[in-house]
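Chemist: Here you go, one structure.
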Amino acid sequence: MIPGLALTRIQLWALLVGMGRRTRTRRRWSVAVLVTIITAMTAGLSSVYSAGLAVALDRVGAADLVLVIISALAAFGALSAGTFGVSRSALGGRDDTLLLSLPLRPRTIVLAKLAAVALQNILLIVVAMVPSGVVCAQYVAVPGWFWPALVVGAILVALAVTALSMALALLFTVATPWRRGRSLANVTILVVTAALSLALVPGVRHIQDLLGSDPAALRAVLQSWAWPFMALRDLTLDGSVGAAAVLLLIGLVPFCLVAWLLSLVYVPLVVGRPDTAPTTSRVDLTALGVRTPFHALLRREAHRFFTSTVYVVNSGFGVIMLLVGAGWLIIAGGLPEPVRAMSAALDVPLPVLAAVVLALLPALTCTTAPSISLEGDRLWILRAAPVDPSVVLAAKAALNLLVVLPALVPLALVLAVLTGAGPVDGALLLLIAALVTVLVAELGLVTNLLWPVLDAPGDAIVVKQSVSVLVALLVGFAGSVLLSMVGLAAAPVIGSTGALLAMLVTVTTGAVALFAALRTWGIKAFTRLG
């Protein structure tokens with residue numbers, strides 16, 4: 001096999017293998033399960049959004065725009081995952097030193113890494129576009145070249161997304177210091193992302209207003225701000241040669257340029273990393289303070305979290321949602337009218353709906369799901385230290401609380417005020433939010449103990465793609481939905497305070513059960529690792 005193709009296959013396998021146990025059969029099974037889950041989730045979400053958008057757009061004769069909107073959403077999802085996720089493996093993988101020792105040119109290594117990321121993005125975007133194409137074909141007469149053009153256009157969009165994500169990853173790698181100042185840089189990224197998300201709210205609301213009222217204005221907005229995706233629509237439905245040229249220009253050209261640029265800087269980046277070229281530093285032993293094991297481990301967890309860009313961004317997305325939600329409610333000065341209408345239609349008090357929101361959002365942030373896997377080949381240090389495993393697990397769970405609660409409490413207070421909750425209901429809202437955060441942290445530890453991966457080629461694979469993270473997200477979201485159903489079902493019968501108490505009892509029961517499991521099975525599972 002040609003070395004470049006063989007290395008591409010290995011790199012793609014490494015992107016998908018960041019999970020599971022050590023045996024080859026079990027690992028192959030895990031990869032197949034992960035690909036199936038990701039494909040099913042992508043296709044399912046695309047089908048739901050495509051069907052809903054097509055119904056709304058067809059009322060004003062603009063059902064063809066579903067291709068534009070879905071392709072933009074798919075590209076944004078792949079971009080956000082690639083910039084801080086799998087693309088980081090091309091610039092900071094643990095196999096870089098080994099690869100450079102092989103008789104391979106740096107350009108071959110870079111192309112293999114870039115091709116692996118591109119193949120993954122192609123899978124994601126093509127799978128997302130197929131349901132939108134099926135839905136579009138039900139409302140619009142499609143030509144014979146529709147499906148080949150749709151697949152080719154999706155591939156070109158995926159190449160453009162790969163090029164942009166790798167360029168941004170390179171920019172963050174160069175601009176973000178490896179040691180001093182990296183925590184500040186990562187927190188700054190979160191703050192800027194939250195500010196941009198809040199600033200985009202008016203634009204999103206404007207597009208929603210145009211969605212069902214003024215298709216001409218909506219086309220003009222999309223033509224100005226989403227022209228690459230309009231080119232995809234023009235290629236698939238109109239067979240536009242100009243649109244094909246645009247997609248080729250934004251797909252192949254940037255991809256080749258980024259590959260050339262990475263081949264130039266790959267070796268200097270690898271050589272300049274502290275893990276490949278370590279430096280010594282003088283430590284003042286008299287400045288070292290005495291800390292309890294829990295305190296020391298918590299500081300260690302916080303240092304790992306805030307100095308890892310991929311860890312901060314991936315696990316901090318839920319924090320951004322919490323901060324943006326609180327800020328948007330304060331700016332709006334009240335609850336949206338649809339929420340009040342929903343409260344009246346369901347006969348559910350507003351504080352219960354607020355509890356539903358507070359039950360769902362913390363599930364998006366789980367720092368514990370990858371925390372054990374991130375120990376990697378350093379796990380023996382914890383195993384050899386005279387520290388009780390329960391203290392190690394407690395420190396990892398405490399980090400999740402320290403990250404989420406400072407953003408969750410302001411939103412809970414804002415919702416308590418805007419929904420008119422009394423002191424008792426307001427206190428229950430805070431308790432429910434806090435216990436959901438505890439439950440999510442415990443759930444992440446359980447899934448990571450079930451599906452640890454201690455030999456991933458990079459932290460990005462563990463944080464973005466491991467089975468433990470995916471299962472924690474899905475199960476946490478399902479548990480939040482179940483908790484919400486308890487409150488919604490109880491509110492018409494026993495009122496606001498009674499429904500909140502029922503939710504509190506439910507989440508407390510779950511948290512206590514997981515705590516008991518971690519104190520028994522969890523400690524045994526942790527001692528068997530490594």
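Following the order of the structure tokens, first chain is A, next is B, and so on, with residues numbered from 1 inside each chain and ligands from 1 in the order they appear.
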Using only C-alpha atoms, which protein or nucleic acid residues come within 7 Å of range 480-484 of chain A? Drop anything in the same chain fewer than 4 positions from it, and give the result as a PDB file with C-alpha atoms, in the first residue's frame.

Modeler:
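out.pdb, freshly written:
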```pdb
ATOM      1  CA  VAL A 356     -37.340  22.453  32.943  1.00  0.00           C
ATOM      2  CA  ALA A 359     -32.727  20.732  34.098  1.00  0.00           C
ATOM      3  CA  LEU A 360     -31.790  20.613  30.416  1.00  0.00           C
ATOM      4  CA  GLY A 476     -27.797  13.165  30.630  1.00  0.00           C
ATOM      5  CA  LEU A 488     -44.845  18.975  33.790  1.00  0.00           C
ATOM      6  CA  MET A 503     -38.497  17.207  40.630  1.00  0.00           C
ATOM      7  CA  THR A 506     -36.408  12.703  41.620  1.00  0.00           C
TER       8      THR A 506
END
```

Chemist: Leaving out Ala118 in chain A and any residue of its chain fewer than 6 positions from it, which residues lie within 7 Å of it when counting only C-alpha atoms, given as JSON, numbers by chain?

Modeler: {"A": [158, 159, 162]}

Chemist: Return as a PyMOL selection string the full set of residues in range 27-141 of chain A whose backbone-based DSSP assignment is alpha helix (DSSP H).

Modeler: chain A and resi 27-58+66-84+89-92+96-101+106-139

Chemist: So that I can check the surroundings of Leu232 in chain A, please list as a list in words every protein, DNA and RNA residue that reaches within 8 Å of it, counting only C-alpha atoms and ignoring chain neighbours fewer than 5 positions away.

Modeler: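 Residues meeting the cut-off are Leu67, Val68, Leu150, Gly153, Ala154, Ala243, Ala244 and Leu247 of chain A.
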
Chemist: Interatomic distance between CA of Pro389 in chain A and CA of Val403 in chain A?

Modeler: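 One can read the CA of Pro389 in chain A to CA of Val403 in chain A distance as 22.0 Å.
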
Chemist: May I ask which of the residues A:Ala54, A:Val475, A:Leu235, A:Ala427 is the closest one to Leu413 in chain A, counting only C-alpha atoms?

Modeler: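 Checking each of A:Ala54, A:Val475, A:Leu235, A:Ala427 against Leu413 in chain A, counting only C-alpha atoms, the winner is A:Ala427.
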
Chemist: With distances taken over only C-alpha atoms, which residue among A:Leu102, A:Leu445, A:Leu119, A:Ala434 lies nearest Thr508 in chain A?

Modeler: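 Between A:Leu102, A:Leu445, A:Leu119, A:Ala434, the residue approaching Thr508 in chain A most closely is A:Ala434.
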
Chemist: To one decimal place in Å, what is the distance between CA of Ser466 in chain A and CA of Leu170 in chain A?

Modeler: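 The value is 23.0 Å.
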
Chemist: So, with only C-alpha atoms as the atoms that count, which of A:Leu164, A:Phe294, A:Phe317, A:Ala231 lies closest to Phe255 in chain A?

Modeler: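 Result for the nearest residue to Phe255 in chain A: A:Leu164.
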
Chemist: Choose the residue, out of A:Leu350, A:Val174, A:Val221, A:Ile381, that has the smallest atom-to-atom separation from Pro268 in chain A; count only C-alpha atoms.

Modeler: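 Distance minimum relative to Pro268 in chain A lands on A:Val174.
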